[in-house]
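S.K.: My structure file structure35.cif, mmCIF, C-alpha atoms (C1' of nucleotides), is below:
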data_entry
#
loop_
_atom_site.label_atom_id
_atom_site.label_comp_id
_atom_site.auth_asym_id
_atom_site.auth_seq_id
_atom_site.Cartn_x
_atom_site.Cartn_y
_atom_site.Cartn_z
CA MET A 38 0.00 0.00 0.00
CA PRO A 39 1.69 3.18 -1.18
CA SER A 40 1.90 5.82 1.45
CA ARG A 41 3.67 8.51 -0.53
CA LEU A 42 1.93 10.82 -2.85
CA SER A 43 4.78 11.57 -5.20
CA PRO A 44 6.04 9.28 -7.97
CA ARG A 45 5.85 5.76 -6.76
CA SER A 46 5.55 3.78 -9.94
CA ALA A 47 9.16 2.64 -9.72
CA GLN A 48 8.82 1.69 -6.07
CA PRO A 49 7.97 -1.86 -5.18
CA LEU A 50 4.79 -2.08 -3.18
CA PRO A 51 5.42 -2.68 0.50
CA THR A 52 4.28 -6.03 1.74
CA ALA A 53 1.84 -6.50 4.57
CA ALA A 54 4.80 -7.23 6.82
CA ALA A 55 5.93 -3.65 6.31
CA ALA A 56 2.67 -2.22 7.61
CA ASP A 57 4.35 -0.70 10.64
CA SER A 58 6.65 1.46 8.55
CA SER A 59 3.80 2.60 6.34
CA THR A 60 2.03 3.96 9.40
CA SER A 61 4.91 6.20 10.30
CA SER A 62 5.30 7.45 6.74
CA LEU A 63 1.60 8.18 6.63
CA THR A 64 2.14 10.53 9.53
CA SER A 65 5.02 12.16 7.72
CA ASP A 66 3.19 12.90 4.49
CA PHE A 67 -0.41 13.10 5.67
CA SER A 68 -0.45 16.83 5.05
CA VAL A 69 1.10 16.57 1.58
CA ARG A 70 -1.50 14.11 0.45
CA LEU A 71 -4.34 16.00 2.08
CA ILE A 72 -3.35 19.31 0.50
CA ALA A 73 -3.06 17.71 -2.94
CA TRP A 74 -6.44 16.07 -2.51
CA GLN A 75 -8.05 19.30 -1.35
CA ARG A 76 -6.76 21.28 -4.31
CA LYS A 77 -8.14 18.74 -6.75
CA HIS A 78 -11.26 17.39 -5.06
CA GLY A 79 -12.11 19.71 -2.18
CA ARG A 80 -14.68 22.47 -1.97
CA HIS A 81 -13.66 25.85 -3.37
CA ASP A 82 -16.87 27.81 -3.82
CA LEU A 83 -18.47 28.11 -0.40
CA PRO A 84 -19.58 31.70 0.28
CA TRP A 85 -16.86 32.27 2.88
CA GLN A 86 -14.03 30.89 0.80
CA ASN A 87 -11.75 32.80 -1.56
CA THR A 88 -11.27 35.59 0.94
CA ARG A 89 -8.65 36.47 3.51
CA ASP A 90 -10.98 38.83 5.30
CA PRO A 91 -10.83 37.66 8.93
CA TYR A 92 -14.25 39.17 9.59
CA ARG A 93 -15.94 37.03 6.98
CA ILE A 94 -13.98 33.96 8.00
CA TRP A 95 -14.75 34.52 11.67
CA LEU A 96 -18.45 35.04 10.99
CA SER A 97 -18.67 31.82 9.01
CA GLU A 98 -16.76 29.82 11.61
CA ILE A 99 -19.03 30.94 14.43
CA MET A 100 -22.13 30.12 12.43
CA LEU A 101 -20.72 26.75 11.46
CA GLN A 102 -20.19 25.68 15.06
CA GLN A 103 -22.43 22.64 15.44
CA THR A 104 -24.37 23.74 12.39
CA GLN A 105 -24.36 22.34 8.89
CA VAL A 106 -23.20 24.22 5.83
CA SER A 107 -26.55 24.24 4.03
CA THR A 108 -28.24 25.69 7.11
CA VAL A 109 -25.65 28.43 7.50
CA ILE A 110 -25.54 29.74 3.93
CA PRO A 111 -28.72 31.89 3.98
CA TYR A 112 -27.91 33.24 7.45
CA TYR A 113 -24.40 34.13 6.38
CA ALA A 114 -25.75 36.11 3.44
CA LYS A 115 -28.25 37.96 5.63
CA PHE A 116 -25.59 38.85 8.19
CA LEU A 117 -23.11 40.12 5.63
CA ALA A 118 -25.76 42.28 4.00
CA ARG A 119 -26.80 43.81 7.33
CA PHE A 120 -23.35 43.87 8.95
CA PRO A 121 -20.73 44.19 6.18
CA ASP A 122 -17.85 44.70 8.61
CA VAL A 123 -16.91 44.26 12.22
CA ALA A 124 -17.42 47.93 13.07
CA THR A 125 -21.01 47.85 11.82
CA LEU A 126 -21.71 44.76 13.85
CA ALA A 127 -20.12 46.24 16.96
CA VAL A 128 -22.38 49.30 17.04
CA ALA A 129 -25.59 47.43 16.19
CA PRO A 130 -28.19 46.77 18.89
CA VAL A 131 -27.82 43.24 20.21
CA ASP A 132 -31.53 42.69 19.57
CA ASP A 133 -30.92 43.19 15.85
CA VAL A 134 -28.25 40.51 16.00
CA MET A 135 -30.59 38.16 17.84
CA ALA A 136 -33.36 38.77 15.30
CA LEU A 137 -31.09 37.83 12.39
CA TRP A 138 -29.78 34.81 14.30
CA ALA A 139 -33.23 33.47 15.20
CA GLY A 140 -33.60 29.90 13.95
CA LEU A 141 -29.89 29.09 13.95
CA GLY A 142 -29.85 27.89 17.55
CA TYR A 143 -27.17 28.08 20.23
CA TYR A 144 -28.05 31.71 20.87
CA THR A 145 -25.07 32.27 23.11
CA ARG A 146 -23.15 32.31 19.87
CA ALA A 147 -25.06 35.41 18.77
CA ARG A 148 -24.41 37.24 22.02
CA ASN A 149 -20.74 36.30 21.91
CA LEU A 150 -20.59 37.33 18.26
CA HIS A 151 -21.72 40.79 19.23
CA ARG A 152 -19.40 40.93 22.24
CA CYS A 153 -16.50 39.74 20.10
CA ALA A 154 -17.08 42.44 17.51
CA GLN A 155 -17.02 45.05 20.25
CA ALA A 156 -13.84 43.56 21.70
CA VAL A 157 -12.14 43.63 18.30
CA VAL A 158 -13.04 47.29 17.90
CA GLU A 159 -12.21 48.36 21.42
CA GLN A 160 -9.22 46.18 22.21
CA HIS A 161 -7.68 45.59 18.78
CA GLY A 162 -8.43 48.79 16.91
CA GLY A 163 -11.00 47.13 14.69
CA ALA A 164 -8.65 44.50 13.27
CA PHE A 165 -8.76 40.84 14.26
CA PRO A 166 -5.53 39.68 15.95
CA ALA A 167 -3.46 37.22 13.91
CA SER A 168 -2.33 34.80 16.59
CA VAL A 169 -4.21 31.75 17.77
CA ALA A 170 -3.64 32.74 21.39
CA GLU A 171 -5.12 36.21 20.99
CA LEU A 172 -8.01 34.97 18.90
CA ALA A 173 -8.86 32.35 21.50
CA GLU A 174 -9.16 35.09 24.11
CA LEU A 175 -12.12 36.59 22.30
CA PRO A 176 -15.71 35.65 23.23
CA GLY A 177 -17.03 32.62 21.39
CA ILE A 178 -13.66 31.69 19.90
CA GLY A 179 -12.14 28.52 21.32
CA ARG A 180 -9.03 26.62 20.36
CA SER A 181 -10.41 25.05 17.19
CA THR A 182 -12.16 28.13 15.84
CA ALA A 183 -9.08 30.23 16.59
CA ALA A 184 -6.99 27.83 14.54
CA ALA A 185 -9.45 27.93 11.67
CA ILE A 186 -9.45 31.72 11.55
CA ALA A 187 -5.70 31.98 11.99
CA SER A 188 -4.94 29.46 9.26
CA PHE A 189 -7.46 30.76 6.74
CA ALA A 190 -6.93 34.47 7.30
CA PHE A 191 -3.29 34.62 8.32
CA GLY A 192 -1.68 31.39 7.15
CA ALA A 193 -0.88 30.34 10.71
CA ARG A 194 0.32 26.79 11.26
CA ALA A 195 -2.36 25.64 13.67
CA THR A 196 -4.70 22.71 13.65
CA ILE A 197 -8.44 22.62 14.01
CA LEU A 198 -10.17 19.77 15.83
CA ASP A 199 -13.86 19.69 15.06
CA GLY A 200 -16.31 16.87 14.54
CA ASN A 201 -15.05 16.24 11.02
CA VAL A 202 -11.43 16.02 12.07
CA LYS A 203 -12.22 13.78 15.00
CA ARG A 204 -14.00 11.38 12.68
CA VAL A 205 -11.17 11.38 10.13
CA LEU A 206 -8.47 10.86 12.74
CA ALA A 207 -10.40 8.16 14.56
CA ARG A 208 -10.82 6.22 11.33
CA VAL A 209 -7.51 6.79 9.58
CA PHE A 210 -5.37 6.28 12.68
CA GLY A 211 -7.68 3.93 14.53
CA VAL A 212 -8.15 6.12 17.58
CA GLU A 213 -10.36 4.24 20.02
CA GLY A 214 -12.77 5.75 22.53
CA PHE A 215 -15.44 8.44 22.45
CA PRO A 216 -13.84 11.68 21.18
CA GLY A 217 -15.94 13.70 23.62
CA GLU A 218 -14.00 12.12 26.44
CA LYS A 219 -11.21 14.34 27.64
CA LYS A 220 -8.47 11.75 27.41
CA VAL A 221 -9.37 10.81 23.84
CA GLU A 222 -9.75 14.42 22.81
CA ASN A 223 -6.34 15.32 24.23
CA ALA A 224 -4.78 12.47 22.29
CA MET A 225 -6.44 13.75 19.13
CA TRP A 226 -5.16 17.26 19.66
CA THR A 227 -1.65 15.87 19.97
CA LEU A 228 -2.08 13.73 16.89
CA ALA A 229 -3.58 16.61 14.90
CA GLU A 230 -0.69 18.88 15.86
CA SER A 231 1.81 16.26 14.71
CA LEU A 232 0.18 16.07 11.29
CA LEU A 233 0.47 19.76 10.42
CA PRO A 234 2.51 20.58 7.30
CA SER A 235 6.04 21.61 8.19
CA ASN A 236 7.10 23.83 5.31
CA ALA A 237 3.92 25.27 3.94
CA SER A 238 2.96 28.54 2.32
CA ASP A 239 -0.06 30.49 3.54
CA ASP A 240 -2.12 28.99 0.76
CA ASP A 241 -0.95 25.50 1.66
CA VAL A 242 -1.99 26.03 5.26
CA GLY A 243 -5.43 27.13 4.15
CA ALA A 244 -5.77 24.18 1.82
CA TYR A 245 -4.71 21.87 4.62
CA THR A 246 -7.32 23.16 7.07
CA GLN A 247 -9.95 23.15 4.35
CA GLY A 248 -8.87 19.65 3.40
CA LEU A 249 -9.50 18.38 6.91
CA MET A 250 -12.99 19.82 6.79
CA ASP A 251 -13.71 18.72 3.24
CA LEU A 252 -12.56 15.17 3.74
CA GLY A 253 -14.82 14.77 6.75
CA ALA A 254 -17.75 16.54 5.14
CA THR A 255 -17.70 14.98 1.69
CA LEU A 256 -15.96 11.57 1.85
CA CYS A 257 -15.37 10.48 5.42
CA VAL A 258 -18.99 11.06 6.38
CA ARG A 259 -20.70 9.34 9.27
CA GLY A 260 -23.15 7.12 7.44
CA LYS A 261 -21.61 5.79 4.25
CA PRO A 262 -18.02 6.93 3.84
CA ASP A 263 -16.81 7.00 0.23
CA CYS A 264 -13.58 5.15 0.91
CA LEU A 265 -12.97 4.40 -2.76
CA ARG A 266 -12.28 8.07 -3.40
CA CYS A 267 -10.28 8.66 -0.23
CA PRO A 268 -6.58 9.47 -0.53
CA PHE A 269 -5.91 7.56 2.69
CA ALA A 270 -7.94 4.45 1.87
CA ALA A 271 -4.91 2.17 1.70
CA ASP A 272 -3.65 3.29 5.11
CA CYS A 273 -6.91 3.91 6.91
CA VAL A 274 -7.35 1.61 9.90
CA ALA A 275 -11.13 1.74 9.65
CA ASN A 276 -11.16 1.00 5.93
CA VAL A 277 -8.57 -1.74 6.03
CA THR A 278 -10.29 -3.48 8.94
CA GLY A 279 -13.86 -2.70 7.90
CA ARG A 280 -14.57 -0.73 11.03
CA GLN A 281 -15.95 2.46 9.48
CA ARG A 282 -19.16 1.98 11.41
CA GLU A 283 -17.40 1.59 14.73
CA LEU A 284 -15.04 4.53 14.44
CA PRO A 285 -15.27 7.02 15.93
CA ALA A 286 -16.89 5.47 18.99
CA ALA A 287 -20.41 6.77 19.60
CA ARG A 288 -21.38 8.95 22.48
CA PRO A 289 -22.48 6.87 25.47
CA LYS A 290 -26.26 6.72 25.53
CA LYS A 291 -28.13 8.66 28.12
CA ALA A 292 -31.85 9.00 28.68
CA VAL A 293 -33.13 12.46 27.81
CA PRO A 294 -35.77 13.83 30.17
CA THR A 295 -39.03 15.36 28.99
CA ARG A 296 -40.20 18.73 30.21
CA ARG A 297 -43.61 20.24 29.74
CA THR A 298 -44.54 23.89 29.50
CA TRP A 299 -47.68 25.91 28.89
CA MET A 300 -47.47 28.86 26.54
CA LEU A 301 -49.88 31.74 26.34
CA VAL A 302 -50.93 33.00 22.94
CA LEU A 303 -52.51 36.24 24.04
CA ARG A 304 -53.98 37.71 20.90
CA ASP A 305 -55.53 41.04 20.23
CA GLY A 306 -56.60 41.13 16.62
CA ASN A 307 -53.49 40.63 14.56
CA ALA A 308 -51.05 41.09 17.43
CA VAL A 309 -49.70 38.74 20.07
CA MET A 310 -47.87 39.46 23.25
CA LEU A 311 -44.25 38.38 23.44
CA GLU A 312 -42.02 38.25 26.46
CA LYS A 313 -38.27 38.62 26.43
CA ARG A 314 -36.44 35.67 27.90
CA PRO A 315 -33.51 36.07 30.29
CA PRO A 316 -30.11 36.40 28.62
CA SER A 317 -28.93 32.94 29.65
CA GLY A 318 -30.59 29.56 29.58
CA ILE A 319 -32.85 28.11 26.92
CA TRP A 320 -33.51 30.56 24.11
CA GLY A 321 -31.53 33.19 26.02
CA GLY A 322 -32.33 36.72 24.93
CA LEU A 323 -35.02 35.71 22.48
CA TRP A 324 -38.63 36.85 22.40
CA SER A 325 -41.08 34.09 23.21
CA LEU A 326 -44.60 33.50 24.45
CA PRO A 327 -45.35 33.92 28.17
CA GLU A 328 -44.93 30.58 29.90
CA ALA A 329 -46.14 28.79 33.01
CA ALA A 330 -45.47 25.42 34.59
CA ASP A 331 -49.15 24.38 34.54
CA GLU A 332 -52.46 25.46 33.11
CA ALA A 333 -53.75 27.17 36.25
CA SER A 334 -50.64 29.32 36.48
CA LEU A 335 -51.00 30.21 32.84
CA ALA A 336 -54.60 31.24 33.40
CA ALA A 337 -53.45 33.45 36.24
CA ARG A 338 -50.93 35.10 33.96
CA ALA A 339 -53.59 35.59 31.33
CA ARG A 340 -55.79 37.40 33.87
CA GLU A 341 -52.84 39.50 34.84
CA PHE A 342 -52.27 40.57 31.27
CA GLY A 343 -55.99 41.04 30.74
CA GLY A 344 -55.90 44.03 33.04
CA ASP A 345 -58.36 45.23 35.63
CA GLY A 346 -62.02 44.77 34.93
CA GLY A 347 -61.22 43.93 31.36
CA GLY A 348 -62.82 40.55 31.71
CA VAL A 349 -61.11 37.22 32.16
CA PRO A 350 -59.83 35.90 28.87
CA GLN A 351 -60.96 32.39 28.15
CA LEU A 352 -58.18 29.91 27.44
CA SER A 353 -58.69 27.57 24.54
CA PRO A 354 -56.25 24.80 23.68
CA LEU A 355 -54.21 24.86 20.48
CA ALA A 356 -52.48 21.85 18.99
CA PRO A 357 -49.62 20.79 21.28
CA LEU A 358 -46.15 20.45 19.82
CA THR A 359 -42.96 18.70 20.83
CA HIS A 360 -39.52 20.20 20.43
CA VAL A 361 -36.40 18.11 20.80
CA PHE A 362 -33.22 19.61 22.18
CA THR A 363 -29.86 17.93 22.56
CA HIS A 364 -30.37 17.10 26.20
CA PHE A 365 -34.13 17.08 26.75
CA LYS A 366 -37.48 17.00 25.05
CA LEU A 367 -39.96 19.81 25.47
CA ASP A 368 -43.72 19.33 25.23
CA ILE A 369 -45.44 22.62 24.55
CA GLU A 370 -49.10 23.13 25.44
CA PRO A 371 -50.25 26.33 23.77
CA ARG A 372 -53.37 28.11 25.04
CA LEU A 373 -55.09 30.84 23.10
CA ALA A 374 -56.65 33.83 24.83
CA GLU A 375 -58.47 36.45 22.81
CA LEU A 376 -58.64 40.04 23.90
CA ASP A 377 -61.19 42.37 22.45
CA ARG A 378 -59.50 45.68 22.97
CA GLY A 379 -57.33 47.99 20.98
CA VAL A 380 -53.63 47.45 21.00
CA GLY A 381 -53.22 51.06 21.95
CA ALA A 382 -55.02 50.49 25.21
CA LEU A 383 -52.76 47.59 25.95
CA ALA A 384 -49.52 49.25 25.10
CA ALA A 385 -49.31 50.68 28.58
CA LEU A 386 -49.01 47.16 29.91
CA GLY A 387 -45.80 46.66 28.01
CA ASP A 388 -42.41 47.24 29.54
CA ALA A 389 -38.90 46.55 28.33
CA ASP A 390 -39.50 42.82 28.55
CA THR A 391 -42.94 42.55 26.95
CA ALA A 392 -44.15 43.67 23.57
CA TRP A 393 -47.21 43.48 21.41
CA VAL A 394 -46.08 42.30 18.04
CA ALA A 395 -48.02 42.05 14.80
CA LEU A 396 -47.88 38.54 13.40
CA SER A 397 -46.56 40.05 10.19
CA ASP A 398 -43.68 41.70 12.06
CA LEU A 399 -42.15 38.65 13.72
CA ASP A 400 -39.09 38.88 11.49
CA SER A 401 -37.79 41.88 13.38
CA PHE A 402 -37.86 39.94 16.64
CA GLY A 403 -35.74 36.99 17.61
CA VAL A 404 -38.28 34.23 18.12
CA PRO A 405 -37.37 30.56 18.80
CA ALA A 406 -38.04 28.25 15.88
CA PRO A 407 -40.88 26.21 17.41
CA VAL A 408 -42.63 29.34 18.69
CA ARG A 409 -42.25 30.93 15.29
CA LYS A 410 -43.76 27.85 13.76
CA LEU A 411 -46.68 27.96 16.17
CA LEU A 412 -47.35 31.62 15.45
CA ASP A 413 -47.05 31.14 11.71
CA SER A 414 -49.73 28.47 11.79
CA LEU A 415 -51.85 30.82 13.88
CA GLN A 416 -51.51 33.54 11.29
CA GLY A 417 -52.52 31.09 8.61
CA SER A 418 -55.76 30.41 10.47
CA LEU A 419 -56.70 34.08 10.80
CA ILE A 420 -59.67 35.40 8.91
"C1'" DA B 404 -15.35 15.79 33.89
"C1'" DA B 405 -19.94 16.76 33.20
"C1'" DG B 406 -23.62 19.75 31.99
"C1'" DT B 407 -25.64 23.55 29.15
"C1'" DC B 408 -26.87 25.36 25.05
"C1'" DG B 409 -30.97 24.59 18.97
"C1'" DG B 410 -32.15 23.32 14.98
"C1'" DG B 411 -31.90 20.73 10.98
"C1'" DG B 412 -30.20 16.93 7.91
"C1'" DC B 413 -30.46 12.29 7.13
"C1'" DA B 414 -30.63 7.31 7.36
"C1'" DT C 533 -36.67 7.97 15.85
"C1'" DG C 534 -31.80 8.44 16.86
"C1'" DC C 535 -27.53 10.43 15.93
"C1'" DC C 536 -24.58 13.98 14.63
"C1'" DC C 537 -22.93 18.49 13.04
"C1'" DA C 538 -16.79 23.89 10.89
"C1'" DG C 539 -17.71 23.84 19.82
"C1'" DA C 540 -17.57 27.13 23.56
"C1'" DC C 541 -18.53 27.98 27.99
"C1'" DT C 542 -19.94 27.22 32.86
"C1'" DT C 543 -20.01 24.58 36.97
#
Produce structure tokens that represent the structure in this file.
M.R.:
Amino acid sequence: MPSRLSPRSAQPLPTAAAADSSTSSLTSDFSVRLIAWQRKHGRHDLPWQNTRDPYRIWLSEIMLQQTQVSTVIPYYAKFLARFPDVATLAVAPVDDVMALWAGLGYYTRARNLHRCAQAVVEQHGGAFPASVAELAELPGIGRSTAAAIASFAFGARATILDGNVKRVLARVFGVEGFPGEKKVENAMWTLAESLLPSNASDDDVGAYTQGLMDLGATLCVRGKPDCLRCPFAADCVANVTGRQRELPAARPKKAVPTRRTWMLVLRDGNAVMLEKRPPSGIWGGLWSLPEAADEASLAARAREFGGDGGGVPQLSPLAPLTHVFTHFKLDIEPRLAELDRGVGALAALGDADTAWVALSDLDSFGVPAPVRKLLDSLQGSLI
DNA sequence: AAGTCGGGGCA
DNA sequence: TGCCCAGACTT
């Protein structure tokens, strides 16, 4: 099994007995083969490629954390149109950032995005720092994202270690154990560092980082890896031993609890009342429907919002919905309460954390995806 | 080390 | 339905 990329036709093929030496030479030219593969077969036309602008690279990397490329693309376009540079983002109201982020999930990313932009302006004169260490000091940028930005934007020799890379390393080098476990992850960081190209130009470094991502995203996928097209097929432990399905080891199973919540759809004509959630926790900083832990409590809240002598709004059930998070399942019991008063009369009830919002104006508020879905179906049922 | 944080893609 | 994804951060 040839382990060198360059001319090998004159070389006799190593025998199986020489497998140990081929492993070490794989380590030595892993980067050469990966870079060559990326240039020929990797992705080159993603919206955040073909630029050295650290702002654009940073924005894409934050959005891509735990989020797939196809999901990110429309959000990335919206953000760039609204916030073309870091200074524009830094001076924007955080609520505008949240509104554009709504639906992407992991909303702490949006808050940190805004905080990071302000830090870049205030602490770095509006220019992203070029070192991994300085980048990793910024909000929302950890070791892997710092390496991605530094290598793409500044040609730094630093390795990423994301889900793609963990899968590639586990398979090619036969790394056992769940990569989420600290010990395994540390070993992978060490391995990844050892594989970095030694004498590489800035473009090579970028191609290398992109190659790690591309290999994991296009060939070495979770379900059915396309080993026939893989440049490491002959050396890959998983491929050679038929263990693609076992590597990397799966996360240990754990029962996810179910929570239940009641949500109040307080409607006055075409408007509903939204409540701003606390900055941390589930859907932190987003606008959502008023909630209660049971129906009686929700009814009490409805009376509260109904005002004095305004009559007790009757609660009527809407179709329940279930929303699945990473670590628990949420059953939502929506209850509709109709008010028969003008919005103007109700405006006085609003404070900084409540707002009457027209169903047609939800776009300008950051609303969690399932709540948005609920309200959209409500709008569809209006006369 | 374990828990917290969404939403969507896909088998 | 279950699992995972261009992870970071808190406890």
S.K.: Within 12 Å of Leu311 of chain A, counting all atoms listed in the file, which residues show up once you throw out same-chain ones fewer than 5 positions away? Write them as a ChimeraX atom specification, please.
M.R.: /A:300-304,323-328,342,386-396,398-399,402-405,408-409,412
S.K.: Generate the output file for the selected residues, C-alpha atoms, as a PDB file, in the frame of the given file.
M.R.:
ATOM      1  CA  MET A 300     -47.470  28.860  26.540  1.00  0.00           C
ATOM      2  CA  LEU A 301     -49.880  31.740  26.340  1.00  0.00           C
ATOM      3  CA  VAL A 302     -50.930  33.000  22.940  1.00  0.00           C
ATOM      4  CA  LEU A 303     -52.510  36.240  24.040  1.00  0.00           C
ATOM      5  CA  ARG A 304     -53.980  37.710  20.900  1.00  0.00           C
ATOM      6  CA  LEU A 323     -35.020  35.710  22.480  1.00  0.00           C
ATOM      7  CA  TRP A 324     -38.630  36.850  22.400  1.00  0.00           C
ATOM      8  CA  SER A 325     -41.080  34.090  23.210  1.00  0.00           C
ATOM      9  CA  LEU A 326     -44.600  33.500  24.450  1.00  0.00           C
ATOM     10  CA  PRO A 327     -45.350  33.920  28.170  1.00  0.00           C
ATOM     11  CA  GLU A 328     -44.930  30.580  29.900  1.00  0.00           C
ATOM     12  CA  PHE A 342     -52.270  40.570  31.270  1.00  0.00           C
ATOM     13  CA  LEU A 386     -49.010  47.160  29.910  1.00  0.00           C
ATOM     14  CA  GLY A 387     -45.800  46.660  28.010  1.00  0.00           C
ATOM     15  CA  ASP A 388     -42.410  47.240  29.540  1.00  0.00           C
ATOM     16  CA  ALA A 389     -38.900  46.550  28.330  1.00  0.00           C
ATOM     17  CA  ASP A 390     -39.500  42.820  28.550  1.00  0.00           C
ATOM     18  CA  THR A 391     -42.940  42.550  26.950  1.00  0.00           C
ATOM     19  CA  ALA A 392     -44.150  43.670  23.570  1.00  0.00           C
ATOM     20  CA  TRP A 393     -47.210  43.480  21.410  1.00  0.00           C
ATOM     21  CA  VAL A 394     -46.080  42.300  18.040  1.00  0.00           C
ATOM     22  CA  ALA A 395     -48.020  42.050  14.800  1.00  0.00           C
ATOM     23  CA  LEU A 396     -47.880  38.540  13.400  1.00  0.00           C
ATOM     24  CA  ASP A 398     -43.680  41.700  12.060  1.00  0.00           C
ATOM     25  CA  LEU A 399     -42.150  38.650  13.720  1.00  0.00           C
ATOM     26  CA  PHE A 402     -37.860  39.940  16.640  1.00  0.00           C
ATOM     27  CA  GLY A 403     -35.740  36.990  17.610  1.00  0.00           C
ATOM     28  CA  VAL A 404     -38.280  34.230  18.120  1.00  0.00           C
ATOM     29  CA  PRO A 405     -37.370  30.560  18.800  1.00  0.00           C
ATOM     30  CA  VAL A 408     -42.630  29.340  18.690  1.00  0.00           C
ATOM     31  CA  ARG A 409     -42.250  30.930  15.290  1.00  0.00           C
ATOM     32  CA  LEU A 412     -47.350  31.620  15.450  1.00  0.00           C
TER      33      LEU A 412
END
S.K.: Let me make sure I understand: among A:Arg288, A:Gly163, A:Arg372, A:Ser317, which one has the smallest atom-to-atom distance to DT542 of chain C if we use only C-alpha atoms (C1' of nucleotides)?
M.R.: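 Among the listed residues, the smallest separation from DT542 of chain C belongs to A:Ser317.
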S.K.: For the structure provided, state which residues fall under the PyMOL selection byres ((chain C) within 6 of (chain A)), and present them as a ChimeraX atom specification.
M.R.: /C:537-540
S.K.: Once you count all atoms listed in the file, which residues of chain B turn out to be within 7 Å of chain A? Could you give them as a list in words?
M.R.: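 Using all atoms listed in the file, chain B residues at most 7 Å from chain A: DC408, DG409 and DG410 of chain B.
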S.K.: Centre and edge lengths of an axis-aligned box around all listed atoms of segment 408-411 of chain B, with 6 Å added on each side, are to be given in Å to one decimal, as AutoDock Vina command-line options.
M.R.:
--center_x -29.5 --center_y 23.0 --center_z 18.0 --size_x 17.3 --size_y 16.6 --size_z 26.1
S.K.: For Thr359 of chain A, find every residue with an atom within 8 Å (counting all atoms listed in the file), except residues of its own chain fewer than 4 positions away, and show them as a PyMOL selection string.
M.R.: chain A and resi 366-369
S.K.: Please identify all polymer residues lying at most 12 Å from the point (-18.4, 16.0, 32.0) (file coordinates), using only C-alpha atoms (C1' of nucleotides), and present the result as JSON, numbers by chain.
M.R.: {"A": [217, 218, 219, 220, 289], "B": [404, 405, 406, 407], "C": [542, 543]}
S.K.: To one decimal in Å, tell me the separation between atom CA of Phe210 of chain A and atom CA of Val274 of chain A.
M.R.: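 According to the coordinates, atom CA of Phe210 of chain A and atom CA of Val274 of chain A are separated by 5.8 Å.
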S.K.: Please measure the separation of atom CA of Ser231 of chain A and atom CA of Ser65 of chain A, giving the value in Å to one decimal.
M.R.: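 Atom CA of Ser65 of chain A lies at a distance of 8.7 Å from atom CA of Ser231 of chain A.
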S.K.: Have a look at A:Leu63, A:Ala275, A:Val258, A:Ala114 and name the one nearest to DC413 of chain B; count all atoms listed in the file.
M.R.: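 Between A:Leu63, A:Ala275, A:Val258, A:Ala114, the residue approaching DC413 of chain B most closely is A:Val258.
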S.K.: Just give me the gap between atom CA of Met135 of chain A and atom CA of Ala147 of chain A in Å, one decimal is fine.
M.R.: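 These two atoms are separated by 6.2 Å.
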S.K.: Ranking A:Thr255, A:Thr125, A:Asn276, A:Thr196 by minimum distance to His78 of chain A and counting all atoms listed in the file, which one comes first?
M.R.: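 Closest residue, counting all atoms listed in the file: A:Thr255.
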S.K.: Please enumerate the residues selected by the PyMOL selection byres ((chain A and resi 331) around 10) when evaluated against the supplied file, formatted as a list in words.
M.R.: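 Taken on the displayed file, the PyMOL selection byres ((chain A and resi 331) around 10) yields the residues Arg297, Thr298, Trp299, Met300, Glu328, Ala329, Ala330, Glu332, Ala333, Ser334, Leu335, Ala336 and Glu370 of chain A.
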